[in-house]
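As provided, input_39.txt (compact mmCIF, C-alpha atoms) reads as follows.
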```
# COMPACT_ATOMS: atom_id res chain seq x y z
CA MET A 526 19.23 168.81 -7.02
CA PRO A 527 15.87 167.43 -5.91
CA THR A 528 14.59 168.89 -2.65
CA LEU A 529 12.24 166.87 -0.46
CA ILE A 530 10.81 167.01 3.05
CA ILE A 531 11.45 164.14 5.45
CA ASP A 532 9.63 164.20 8.78
CA GLY A 533 9.30 167.94 8.32
CA LYS A 534 13.00 168.46 7.52
CA LYS A 535 13.90 169.93 4.17
CA VAL A 536 16.83 168.31 2.42
CA ALA A 537 18.42 168.61 -1.02
CA VAL A 538 20.17 165.57 -2.47
CA PRO A 539 22.09 164.76 -5.66
CA GLU A 540 20.10 163.51 -8.65
CA GLY A 541 19.70 159.73 -8.51
CA SER A 542 19.57 159.52 -4.70
CA THR A 543 17.09 157.32 -2.90
CA ILE A 544 14.73 158.29 -0.07
CA LEU A 545 17.09 156.44 2.27
CA ASP A 546 20.03 158.58 1.06
CA ALA A 547 17.93 161.69 1.66
CA ALA A 548 16.90 160.55 5.14
CA ARG A 549 20.53 159.95 6.10
CA ALA A 550 21.46 163.38 4.75
CA ALA A 551 18.67 164.88 6.87
CA GLY A 552 19.79 162.98 9.97
CA VAL A 553 16.64 160.86 10.06
CA GLU A 554 17.14 157.22 11.00
CA ILE A 555 15.33 154.52 9.03
CA PRO A 556 15.94 150.90 10.07
CA THR A 557 17.14 148.51 7.38
CA LEU A 558 18.03 144.81 7.22
CA CYS A 559 18.81 143.96 3.61
CA HIS A 560 20.60 147.22 2.82
CA HIS A 561 24.36 147.42 2.27
CA ASP A 562 26.10 150.60 1.16
CA GLY A 563 28.35 148.63 -1.19
CA LEU A 564 25.54 146.84 -3.02
CA GLU A 565 22.54 147.82 -5.11
CA PRO A 566 19.38 148.20 -3.02
CA TRP A 567 17.07 145.21 -3.03
CA GLY A 568 13.89 146.22 -1.22
CA GLY A 569 13.36 142.71 0.12
CA CYS A 570 13.16 142.98 3.91
CA ARG A 571 10.48 145.73 3.90
CA LEU A 572 11.79 147.17 7.14
CA CYS A 573 12.69 150.53 5.59
CA VAL A 574 9.14 151.32 4.41
CA VAL A 575 8.00 154.94 4.71
CA ASP A 576 4.84 156.86 3.87
CA LEU A 577 5.34 159.02 0.78
CA TRP A 578 3.30 161.82 -0.80
CA GLN A 579 4.24 163.22 -4.17
CA PRO A 580 3.17 166.43 -5.93
CA GLY A 581 -0.05 165.96 -7.86
CA TRP A 582 -1.70 163.69 -5.28
CA ASP A 583 -4.48 164.58 -2.85
CA GLU A 584 -3.08 166.04 0.35
CA ASP A 585 -4.15 162.98 2.36
CA TRP A 586 -3.02 160.30 -0.11
CA PHE A 587 0.18 158.45 0.84
CA LYS A 588 1.91 155.41 -0.53
CA LEU A 589 3.97 152.98 1.53
CA VAL A 590 7.30 152.56 -0.28
CA THR A 591 10.67 150.97 0.48
CA SER A 592 12.96 153.95 1.08
CA CYS A 593 16.11 152.02 0.12
CA ASN A 594 15.29 151.97 -3.58
CA HIS A 595 12.62 154.64 -4.07
CA PRO A 596 13.97 157.62 -6.02
CA ALA A 597 14.13 160.92 -4.17
CA LYS A 598 12.11 163.20 -6.39
CA ASP A 599 11.69 166.94 -6.06
CA GLY A 600 8.81 168.02 -3.83
CA VAL A 601 7.95 164.66 -2.23
CA ARG A 602 7.02 164.50 1.44
CA VAL A 603 8.12 161.51 3.48
CA PHE A 604 6.98 160.31 6.90
CA THR A 605 9.14 157.70 8.57
CA LYS A 606 7.15 157.26 11.76
CA SER A 607 3.50 157.54 10.77
CA ALA A 608 1.07 155.15 12.46
CA ARG A 609 0.91 153.03 9.33
CA VAL A 610 4.71 152.83 9.02
CA VAL A 611 5.12 151.85 12.66
CA GLU A 612 2.42 149.21 12.37
CA THR A 613 3.88 147.81 9.15
CA ARG A 614 7.37 147.60 10.62
CA GLY A 615 5.81 145.74 13.55
CA VAL A 616 4.23 143.19 11.22
CA VAL A 617 7.50 142.73 9.32
CA LEU A 618 9.40 142.11 12.55
CA ASP A 619 6.64 139.84 13.88
CA LEU A 620 6.86 137.72 10.73
CA LEU A 621 10.67 137.69 10.82
CA LEU A 622 10.52 136.54 14.42
CA ALA A 623 8.22 133.70 13.39
CA ARG A 624 10.72 132.71 10.71
CA CYS A 625 13.88 133.07 12.83
CA PRO A 626 12.87 132.96 16.50
CA ASP A 627 16.42 132.07 17.60
CA ALA A 628 18.32 134.80 15.78
CA PRO A 629 19.59 137.36 18.34
CA LEU A 630 19.46 140.23 15.84
CA ILE A 631 15.79 139.61 15.04
CA GLN A 632 14.94 139.11 18.70
CA GLN A 633 16.60 142.46 19.46
CA LEU A 634 14.95 144.36 16.61
CA ALA A 635 11.54 142.96 17.54
CA ALA A 636 12.02 143.69 21.23
CA ASP A 637 13.01 147.27 20.41
CA HIS A 638 9.70 147.53 18.62
CA GLY A 639 7.81 146.11 21.60
CA ILE A 640 7.44 142.57 20.28
CA GLU A 641 8.59 139.91 22.71
CA GLU A 642 6.99 136.90 21.05
CA THR A 643 5.71 136.33 17.56
CA SER A 644 1.94 136.25 17.11
CA TYR A 645 2.35 133.82 14.20
CA ALA A 646 3.21 130.13 14.27
CA PRO A 647 7.01 129.86 14.54
CA ARG A 648 8.76 127.97 11.74
CA GLU A 649 9.49 124.35 12.52
CA GLU A 650 13.23 123.62 12.92
CA PRO A 651 14.13 127.19 12.14
CA ASP A 652 17.55 128.45 11.07
CA ASP A 653 18.72 132.06 11.26
CA CYS A 654 18.38 132.87 7.55
CA ILE A 655 16.10 135.88 7.07
CA LEU A 656 16.31 135.63 3.25
CA CYS A 657 17.71 139.14 2.94
CA ALA A 658 19.77 137.78 0.00
CA LEU A 659 22.77 139.91 0.99
CA CYS A 660 24.93 136.83 0.46
CA THR A 661 23.73 136.14 -3.06
CA ARG A 662 23.80 139.82 -3.92
CA VAL A 663 27.40 140.28 -2.83
CA CYS A 664 28.37 137.10 -4.70
CA ASP A 665 26.67 138.45 -7.83
CA HIS A 666 28.30 141.84 -7.33
CA LEU A 667 31.71 140.21 -7.38
CA ASP A 668 30.74 138.42 -10.63
CA ILE A 669 31.19 135.05 -8.94
CA THR A 670 27.52 134.00 -8.73
CA ALA A 671 28.30 130.84 -6.77
CA ILE A 672 25.10 130.80 -4.70
CA SER A 673 21.56 131.96 -5.33
CA THR A 674 18.04 131.89 -3.95
CA VAL A 675 16.41 128.56 -4.66
CA ASN A 676 12.69 127.70 -4.85
CA ARG A 677 9.84 130.05 -4.03
CA GLY A 678 7.37 130.65 -1.23
CA ALA A 679 7.73 128.71 1.97
CA GLY A 680 10.49 126.57 0.48
CA LYS A 681 12.71 129.48 -0.56
CA GLU A 682 16.28 129.15 0.62
CA ILE A 683 19.82 130.16 -0.21
CA ALA A 684 21.91 127.39 -1.73
CA PRO A 685 24.58 126.54 -4.28
CA PRO A 686 23.37 124.88 -7.51
CA PHE A 687 21.83 121.45 -6.76
CA HIS A 688 22.90 121.83 -3.11
CA GLU A 689 26.37 120.67 -4.09
CA ALA A 690 29.78 122.30 -3.58
CA PRO A 691 29.53 125.37 -5.84
CA PRO A 692 32.00 125.21 -8.73
CA ASP A 693 32.23 129.00 -8.98
CA CYS A 694 32.88 129.75 -5.30
CA ILE A 695 36.33 131.22 -4.65
CA GLY A 696 36.11 131.10 -0.87
CA CYS A 697 36.21 134.86 -0.33
CA LEU A 698 33.81 134.58 2.65
CA ALA A 699 32.04 137.78 1.59
CA CYS A 700 28.69 136.00 1.90
CA ALA A 701 29.41 134.94 5.47
CA GLU A 702 30.76 138.38 6.35
CA VAL A 703 27.74 140.32 5.10
CA CYS A 704 25.16 137.96 6.61
CA PRO A 705 23.37 140.02 9.30
CA THR A 706 22.53 136.92 11.37
CA ASN A 707 25.87 135.12 10.84
CA CYS A 708 24.12 132.01 9.63
CA ILE A 709 26.60 130.92 6.95
CA PRO A 710 29.11 128.57 8.59
CA TYR A 711 32.73 128.42 7.48
CA GLU A 712 36.12 127.36 8.73
CA THR A 713 39.36 129.09 7.92
CA SER A 714 43.00 128.84 8.88
CA ASN A 715 46.39 129.57 7.37
CA VAL A 716 46.24 126.19 5.67
CA ARG A 717 42.74 125.61 4.39
CA ARG A 718 39.26 127.10 4.23
CA SER A 719 35.86 125.48 3.81
CA ILE A 720 32.47 126.96 3.06
CA TRP A 721 29.34 125.68 1.27
CA GLY A 722 30.83 122.20 1.34
CA LYS A 723 33.84 123.26 -0.73
CA GLU A 724 37.47 123.04 0.37
CA PHE A 725 40.05 125.68 -0.53
CA GLU A 726 43.82 125.84 -0.36
CA MET A 727 45.10 129.08 1.15
CA LEU A 728 47.70 131.29 -0.53
CA ARG A 729 50.45 131.28 2.05
CA ASP A 730 53.38 133.64 2.43
CA PRO A 731 56.47 131.55 1.57
CA ALA A 732 58.44 132.97 4.51
CA THR A 733 55.89 133.19 7.33
CA GLY A 734 53.15 130.78 6.26
CA GLN A 735 50.51 133.47 6.88
CA ALA A 736 47.48 133.40 4.63
CA VAL A 737 44.66 135.86 4.08
CA ILE A 738 43.07 134.75 0.82
CA THR A 739 42.56 131.47 -0.99
CA LYS A 740 44.46 130.48 -4.13
CA ALA A 741 41.15 130.61 -5.96
CA GLN A 742 40.61 134.21 -4.83
CA ALA A 743 44.10 135.16 -6.04
CA GLU A 744 43.46 133.59 -9.44
CA PHE A 745 40.08 135.26 -9.73
CA PHE A 746 41.29 138.75 -8.87
CA ALA A 747 44.68 138.65 -10.62
CA GLY A 748 44.89 141.46 -13.12
CA ARG A 749 41.72 143.24 -11.96
CA GLY A 750 42.06 146.98 -11.90
CA GLY A 751 45.59 146.50 -13.20
CA VAL A 752 46.75 144.85 -9.97
CA PRO A 753 49.26 142.08 -10.85
CA GLY A 754 48.66 138.69 -9.24
CA GLU A 755 52.23 138.78 -7.91
CA TYR A 756 51.15 141.37 -5.32
CA PHE A 757 49.07 138.71 -3.55
CA GLU A 758 51.87 136.27 -2.96
CA THR A 759 53.45 137.69 0.18
CA SER A 760 51.80 138.68 3.44
CA ASP A 761 51.45 142.26 4.63
CA THR A 762 54.01 141.61 7.39
CA THR A 763 56.63 140.51 4.87
CA LYS A 764 55.84 143.41 2.56
CA ARG A 765 56.25 145.98 5.33
CA ARG A 766 59.56 144.43 6.29
CA GLU A 767 60.72 144.63 2.67
CA MET A 768 59.63 148.27 2.42
CA ALA A 769 61.46 149.08 5.64
CA LYS A 770 64.65 147.57 4.23
CA LYS A 771 64.18 149.55 1.03
CA PHE A 772 63.79 152.80 2.91
CA VAL A 773 66.94 152.19 4.88
CA SER A 774 68.82 151.73 1.62
CA LEU A 775 67.34 155.02 0.37
CA GLN A 776 68.40 156.99 3.45
CA ILE A 777 70.15 160.25 2.72
CA LEU A 778 72.03 160.41 5.99
CA GLU A 779 73.51 157.63 8.07
CA MET B 336 48.76 174.50 0.15
CA LYS B 337 48.52 170.75 0.01
CA MET B 338 49.91 168.96 3.06
CA ILE B 339 52.07 165.86 2.83
CA TYR B 340 52.89 163.18 5.38
CA LYS B 341 56.67 163.08 5.43
CA VAL B 342 58.70 160.23 6.86
CA SER B 343 62.39 160.73 7.68
CA VAL B 344 63.74 157.27 8.39
CA GLU B 345 67.04 158.68 9.63
CA ARG B 346 65.33 160.32 12.59
CA CYS B 347 63.30 157.36 13.83
CA ILE B 348 64.36 156.07 17.25
CA ALA B 349 61.82 153.22 17.23
CA CYS B 350 60.15 154.47 20.39
CA GLY B 351 56.75 153.30 19.13
CA LYS B 352 54.81 156.35 20.35
CA CYS B 353 53.28 156.77 16.91
CA GLU B 354 51.97 153.20 17.04
CA LEU B 355 50.39 153.83 20.44
CA ALA B 356 48.95 157.16 19.36
CA CYS B 357 47.37 155.58 16.31
CA ALA B 358 45.94 152.65 18.25
CA PHE B 359 44.40 154.97 20.81
CA ALA B 360 43.13 157.38 18.15
CA HIS B 361 41.10 154.60 16.55
CA GLY B 362 40.21 152.41 19.48
CA THR B 363 40.35 152.06 23.20
CA GLU B 364 43.47 149.95 23.55
CA GLY B 365 47.10 150.79 22.97
CA LYS B 366 47.69 147.72 20.85
CA PRO B 367 50.52 148.29 18.35
CA ALA B 368 49.18 145.29 16.42
CA VAL B 369 46.16 147.36 15.38
CA SER B 370 48.10 150.51 14.61
CA ARG B 371 48.00 151.76 11.03
CA ILE B 372 51.65 152.84 11.26
CA ASN B 373 54.20 150.10 11.86
CA ILE B 374 57.76 150.45 13.01
CA THR B 375 60.19 147.87 11.73
CA ARG B 376 62.76 147.66 14.46
CA ARG B 377 66.25 147.00 13.16
CA GLY B 378 68.44 147.81 16.15
CA PRO B 379 68.58 149.84 19.36
CA GLU B 380 66.82 153.13 18.68
CA LEU B 381 66.83 152.34 14.98
CA GLY B 382 63.50 151.97 13.28
CA THR B 383 61.76 152.40 9.97
CA PRO B 384 58.20 153.68 10.07
CA VAL B 385 56.01 152.11 7.43
CA VAL B 386 52.58 153.60 6.77
CA CYS B 387 50.17 153.86 3.85
CA TYR B 388 51.62 155.87 0.99
CA GLN B 389 48.20 156.95 -0.30
CA CYS B 390 49.39 155.80 -3.74
CA ASP B 391 48.51 157.84 -6.80
CA THR B 392 47.36 154.66 -8.53
CA ALA B 393 46.38 152.63 -5.52
CA ALA B 394 46.14 148.85 -5.84
CA CYS B 395 43.68 148.73 -2.95
CA GLU B 396 41.32 151.22 -4.60
CA ALA B 397 41.57 149.37 -7.91
CA ILE B 398 40.85 145.92 -6.49
CA CYS B 399 38.02 146.78 -4.09
CA PRO B 400 34.82 145.29 -5.52
CA THR B 401 32.48 147.69 -3.70
CA GLN B 402 34.44 150.94 -4.04
CA ALA B 403 34.91 151.12 -0.29
CA LEU B 404 38.35 152.71 -0.84
CA VAL B 405 38.08 156.15 -2.36
CA ARG B 406 40.42 159.14 -2.69
CA ASN B 407 39.59 162.04 -0.39
CA PRO B 408 40.37 165.13 -2.51
CA GLU B 409 40.91 167.36 0.55
CA THR B 410 43.40 165.25 2.48
CA GLY B 411 44.81 163.37 -0.50
CA ALA B 412 44.37 160.14 1.42
CA ILE B 413 42.57 157.02 0.30
CA ASP B 414 39.67 156.81 2.74
CA MET B 415 37.91 153.65 3.79
CA ASP B 416 34.12 153.55 3.91
CA ARG B 417 33.29 150.96 6.52
CA GLY B 418 29.67 150.70 5.38
CA ARG B 419 30.80 149.47 1.96
CA CYS B 420 33.37 146.92 3.07
CA ILE B 421 32.43 143.26 2.55
CA SER B 422 35.51 141.91 4.35
CA CYS B 423 36.81 139.96 1.35
CA ARG B 424 40.43 141.01 2.25
CA MET B 425 41.46 141.42 -1.39
CA CYS B 426 42.91 144.85 -0.55
CA VAL B 427 45.05 143.29 2.19
CA ALA B 428 46.45 140.90 -0.39
CA ALA B 429 46.73 143.52 -3.13
CA CYS B 430 48.59 146.30 -1.31
CA PRO B 431 52.17 145.90 -2.58
CA PHE B 432 53.52 147.50 0.61
CA GLY B 433 51.50 145.68 3.26
CA ASN B 434 49.73 148.77 4.54
CA MET B 435 46.18 147.42 4.53
CA LEU B 436 45.27 145.98 7.92
CA TRP B 437 42.55 143.89 9.49
CA ASP B 438 40.25 145.50 12.08
CA GLU B 439 38.96 142.81 14.41
CA THR B 440 36.61 145.19 16.25
CA TYR B 441 34.52 145.93 13.17
CA HIS B 442 35.53 142.71 11.36
CA CYS B 443 36.60 144.54 8.24
CA VAL B 444 39.75 146.20 6.95
CA GLN B 445 41.34 149.45 8.06
CA LYS B 446 44.02 151.75 6.75
CA CYS B 447 45.69 155.03 7.43
CA ASP B 448 43.43 157.87 6.28
CA LEU B 449 45.65 160.61 7.72
CA CYS B 450 42.94 161.03 10.37
CA GLY B 451 40.94 163.19 8.01
CA GLY B 452 43.78 165.66 7.56
CA ASP B 453 45.03 165.87 11.14
CA PRO B 454 47.31 162.85 11.67
CA GLN B 455 47.23 161.94 15.34
CA CYS B 456 50.61 160.23 15.31
CA VAL B 457 52.61 163.29 14.23
CA PRO B 458 52.48 165.33 17.48
CA PHE B 459 53.76 162.32 19.42
CA CYS B 460 56.96 161.75 17.45
CA PRO B 461 59.80 163.07 19.62
CA THR B 462 62.22 163.52 16.75
CA GLY B 463 60.02 164.63 13.88
CA ALA B 464 60.65 161.39 11.99
CA ILE B 465 57.03 161.66 10.90
CA ALA B 466 55.72 165.08 10.02
CA TRP B 467 52.73 166.76 8.44
CA VAL B 468 54.23 169.43 6.23
CA PRO B 469 53.21 171.69 3.35
CA ALA B 470 54.00 170.06 0.02
CA ASP B 471 56.78 172.49 -0.82
CA MET B 472 58.69 171.38 2.30
CA ALA B 473 58.37 167.68 1.61
CA ALA B 474 61.56 167.43 -0.43
CA ILE B 475 63.81 169.17 2.08
CA PRO B 476 66.31 166.58 3.37
CA PRO B 477 66.00 165.85 7.09
CA GLU B 478 68.53 167.12 9.60
CA ALA B 479 70.79 164.52 11.12
CA LEU B 480 69.62 163.33 14.50
CA ASP B 481 72.08 163.96 17.31
CA ARG B 482 71.68 160.55 18.90
CA GLU B 483 74.46 161.16 21.42
CA THR B 484 72.60 164.08 22.96
CA LEU B 485 69.27 162.28 22.92
CA ALA B 486 70.60 159.18 24.65
CA VAL B 487 69.93 158.99 28.34
CA GLY B 488 72.59 157.88 30.83
```

Could you show the structure in this file as structure tokens?
Amino acid sequence: MPTLIIDGKKVAVPEGSTILDAARAAGVEIPTLCHHDGLEPWGGCRLCVVDLWQPGWDEDWFKLVTSCNHPAKDGVRVFTKSARVVETRGVVLDLLLARCPDAPLIQQLAADHGIEETSYAPREEPDDCILCALCTRVCDHLDITAISTVNRGAGKEIAPPFHEAPPDCIGCLACAEVCPTNCIPYETSNVRRSIWGKEFEMLRDPATGQAVITKAQAEFFAGRGGVPGEYFETSDTTKRREMAKKFVSLQILE
Amino acid sequence: MKMIYKVSVERCIACGKCELACAFAHGTEGKPAVSRINITRRGPELGTPVVCYQCDTAACEAICPTQALVRNPETGAIDMDRGRCISCRMCVAACPFGNMLWDETYHCVQKCDLCGGDPQCVPFCPTGAIAWVPADMAAIPPEALDRETLAVG
């Protein structure tokens, strides 16, 4: 088990852990934006950067790395609040604030770091997308790949292919749910759901009309992990009622 | 000795204290709608408690795309890791028994995790319809409930 030192605290972590895993194990907080425990690390937002020294280097030589995906190797020393780290986080937040000046999350994170206003030119007609790619990453993780990052540089954005209703989207809303700035709009009801310009029919309980997933979701997930598609067809309320009836019939005493 | 959550339907008087206890144990409001144990009321003082069965081959664990539902080897429960949930609600649809619930506070799903091995609902049940017992006592049939004596007035 590799052992490393984070802000002076010694911590041992399982092989294959990242610096971020080690920091959490040591009780050290490192801010993140594009990190999600359920997804592979991406290293895109640069907020989690830390100063790292590894055995073999000069004592005063450090490298600024993204802790979310940097492997925790035996003997490394990590500093999460060095002057350089604090300054770099400030620049990252300053730039994010220029990109998304109206996003409450970014405003809060910047303010917590002492930045009230961006020192860069704010984006014209800004939206709240910070390009963390959590939406595309979760869509890829589910093997749906309905949306992706499009273009590069200043024109980079998140969109379905050709900016049209994505043929592969199943309306699971995972992209909207993981978005840290809630900037993916959608509408949902027991009857229909719409997101990315695509309309979905909901899978409704035949007795109560309740719906939780779309028909497309049910089709996509049917059979996965050995779970039969039939399980999706009734709502949880109906299922509990059915189980309750079953238990009564199994009672030993009256 | 492994502990098991035992439900004796015959002894349930549908008082709903378990629902309140659960709601308060996991939040600040006594809202039965957010309780992880649900009583199906079928008559005066007649109820059937329905709660997660921590299935050996759990549909929720199998369908979750981010492995947010994982067996806890100590409690035997299927635990939910909130950090991994992407709110896709496939587990809600997949659970054949309807025991996966929506948590509006955190905007993700929630389920009974036996409170980490110390179920908070159990001490509140006045009749022992729900119990936390050693595994070798789980198969003992429940005693009949003397409803006449329990009834007030």

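In this structure, CA of Trp586 in chain A sits 27.2 Å away from CA of His560 in chain A.
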
Residue contacts of range 662-670 of chain A (9 Å, all atoms listed in the file) excluding same-chain residues fewer than 4 positions away, as a PDB file with C-alpha atoms, keeping the file's coordinate frame:
```pdb
ATOM      1  CA  GLY A 563      28.350 148.630  -1.190  1.00  0.00           C
ATOM      2  CA  LEU A 564      25.540 146.840  -3.020  1.00  0.00           C
ATOM      3  CA  GLU A 565      22.540 147.820  -5.110  1.00  0.00           C
ATOM      4  CA  TRP A 567      17.070 145.210  -3.030  1.00  0.00           C
ATOM      5  CA  ALA A 658      19.770 137.780   0.000  1.00  0.00           C
ATOM      6  CA  ASP A 693      32.230 129.000  -8.980  1.00  0.00           C
ATOM      7  CA  CYS A 694      32.880 129.750  -5.300  1.00  0.00           C
ATOM      8  CA  ILE A 695      36.330 131.220  -4.650  1.00  0.00           C
ATOM      9  CA  ALA A 699      32.040 137.780   1.590  1.00  0.00           C
ATOM     10  CA  CYS A 700      28.690 136.000   1.900  1.00  0.00           C
ATOM     11  CA  VAL A 703      27.740 140.320   5.100  1.00  0.00           C
ATOM     12  CA  PHE A 745      40.080 135.260  -9.730  1.00  0.00           C
TER      13      PHE A 745
ATOM     14  CA  PRO B 400      34.820 145.290  -5.520  1.00  0.00           C
ATOM     15  CA  THR B 401      32.480 147.690  -3.700  1.00  0.00           C
ATOM     16  CA  ILE B 421      32.430 143.260   2.550  1.00  0.00           C
TER      17      ILE B 421
END
```

When you get a sec, could you note down which chain A residues fall within 8 Å of chain B, using all atoms listed in the file, as an mmCIF file with C-alpha atoms, in the frame of the given file?
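Result went into part_27.cif, see below:
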```cif
data_model
loop_
_atom_site.group_PDB
_atom_site.id
_atom_site.type_symbol
_atom_site.label_atom_id
_atom_site.label_comp_id
_atom_site.auth_asym_id
_atom_site.auth_seq_id
_atom_site.Cartn_x
_atom_site.Cartn_y
_atom_site.Cartn_z
ATOM 1 C CA HIS A 561 24.360 147.420 2.270
ATOM 2 C CA ASP A 562 26.100 150.600 1.160
ATOM 3 C CA GLY A 563 28.350 148.630 -1.190
ATOM 4 C CA LEU A 564 25.540 146.840 -3.020
ATOM 5 C CA VAL A 663 27.400 140.280 -2.830
ATOM 6 C CA HIS A 666 28.300 141.840 -7.330
ATOM 7 C CA LEU A 667 31.710 140.210 -7.380
ATOM 8 C CA CYS A 697 36.210 134.860 -0.330
ATOM 9 C CA LEU A 698 33.810 134.580 2.650
ATOM 10 C CA ALA A 699 32.040 137.780 1.590
ATOM 11 C CA GLU A 702 30.760 138.380 6.350
ATOM 12 C CA VAL A 703 27.740 140.320 5.100
ATOM 13 C CA VAL A 737 44.660 135.860 4.080
ATOM 14 C CA ILE A 738 43.070 134.750 0.820
ATOM 15 C CA PHE A 746 41.290 138.750 -8.870
ATOM 16 C CA ARG A 749 41.720 143.240 -11.960
ATOM 17 C CA GLY A 750 42.060 146.980 -11.900
ATOM 18 C CA GLY A 751 45.590 146.500 -13.200
ATOM 19 C CA VAL A 752 46.750 144.850 -9.970
ATOM 20 C CA TYR A 756 51.150 141.370 -5.320
ATOM 21 C CA PHE A 757 49.070 138.710 -3.550
ATOM 22 C CA GLU A 758 51.870 136.270 -2.960
ATOM 23 C CA THR A 759 53.450 137.690 0.180
ATOM 24 C CA SER A 760 51.800 138.680 3.440
ATOM 25 C CA ASP A 761 51.450 142.260 4.630
ATOM 26 C CA THR A 762 54.010 141.610 7.390
ATOM 27 C CA THR A 763 56.630 140.510 4.870
ATOM 28 C CA LYS A 764 55.840 143.410 2.560
ATOM 29 C CA ARG A 765 56.250 145.980 5.330
ATOM 30 C CA ARG A 766 59.560 144.430 6.290
ATOM 31 C CA MET A 768 59.630 148.270 2.420
ATOM 32 C CA ALA A 769 61.460 149.080 5.640
ATOM 33 C CA PHE A 772 63.790 152.800 2.910
ATOM 34 C CA VAL A 773 66.940 152.190 4.880
ATOM 35 C CA GLN A 776 68.400 156.990 3.450
ATOM 36 C CA ILE A 777 70.150 160.250 2.720
ATOM 37 C CA LEU A 778 72.030 160.410 5.990
ATOM 38 C CA GLU A 779 73.510 157.630 8.070
#
```

Around the point (50.5, 160.3, 13.8) (coordinates from the file), which residues reach within 10 Å if we count only C-alpha atoms? Answer as an MDAnalysis selection string.
chainID B and resid 340 352:358 360 371:372 386 447 449:450 453:460 465:467

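Distances from A:Leu622, A:Val610, A:Ile720, A:Cys660 to Tyr645 in chain A were compared using all atoms listed in the file, and the smallest one belongs to A:Leu622.
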
Can you measure CA of Gly569 in chain A to CA of Pro596 in chain A for me? One decimal in Å is fine.
16.1 Å

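With all atoms listed in the file as the atoms that count, the residue of B:Gln389, B:Glu364, B:Ala474, B:Asp481 with the shortest distance to Thr462 in chain B is B:Asp481.
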
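Closest approach to Ile555 in chain A among A:Leu529, A:Ile672, A:Ala743, A:Cys593: A:Cys593, based on all atoms listed in the file.
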
If we count all atoms listed in the file, what is near Glu584 in chain A at a cut-off of 12 Å, once residues fewer than 6 positions away on the same chain are taken out, given as a list in words?
Leu577, Trp578, Val601 and Arg602 of chain A

Rounded to one decimal place, report the CA of Gly754 in chain A-CA of Thr410 in chain B distance in Å.
29.5 Å

Show me the residues around (14.0, 128.5, 2.8) - criterion: an atom at most 12 Å away, all atoms listed in the file counted - as a tab-separated table (two decimals) with C-alpha atoms, keeping the file's coordinate frame.
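out-v4.tsv, freshly written:
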```tsv
chain	number	residue	atom	x	y	z
A	624	ARG	CA	10.72	132.71	10.71
A	625	CYS	CA	13.88	133.07	12.83
A	648	ARG	CA	8.76	127.97	11.74
A	649	GLU	CA	9.49	124.35	12.52
A	650	GLU	CA	13.23	123.62	12.92
A	651	PRO	CA	14.13	127.19	12.14
A	652	ASP	CA	17.55	128.45	11.07
A	653	ASP	CA	18.72	132.06	11.26
A	654	CYS	CA	18.38	132.87	7.55
A	655	ILE	CA	16.10	135.88	7.07
A	656	LEU	CA	16.31	135.63	3.25
A	657	CYS	CA	17.71	139.14	2.94
A	658	ALA	CA	19.77	137.78	0.00
A	673	SER	CA	21.56	131.96	-5.33
A	674	THR	CA	18.04	131.89	-3.95
A	675	VAL	CA	16.41	128.56	-4.66
A	676	ASN	CA	12.69	127.70	-4.85
A	677	ARG	CA	9.84	130.05	-4.03
A	678	GLY	CA	7.37	130.65	-1.23
A	679	ALA	CA	7.73	128.71	1.97
A	680	GLY	CA	10.49	126.57	0.48
A	681	LYS	CA	12.71	129.48	-0.56
A	682	GLU	CA	16.28	129.15	0.62
A	683	ILE	CA	19.82	130.16	-0.21
A	684	ALA	CA	21.91	127.39	-1.73
```
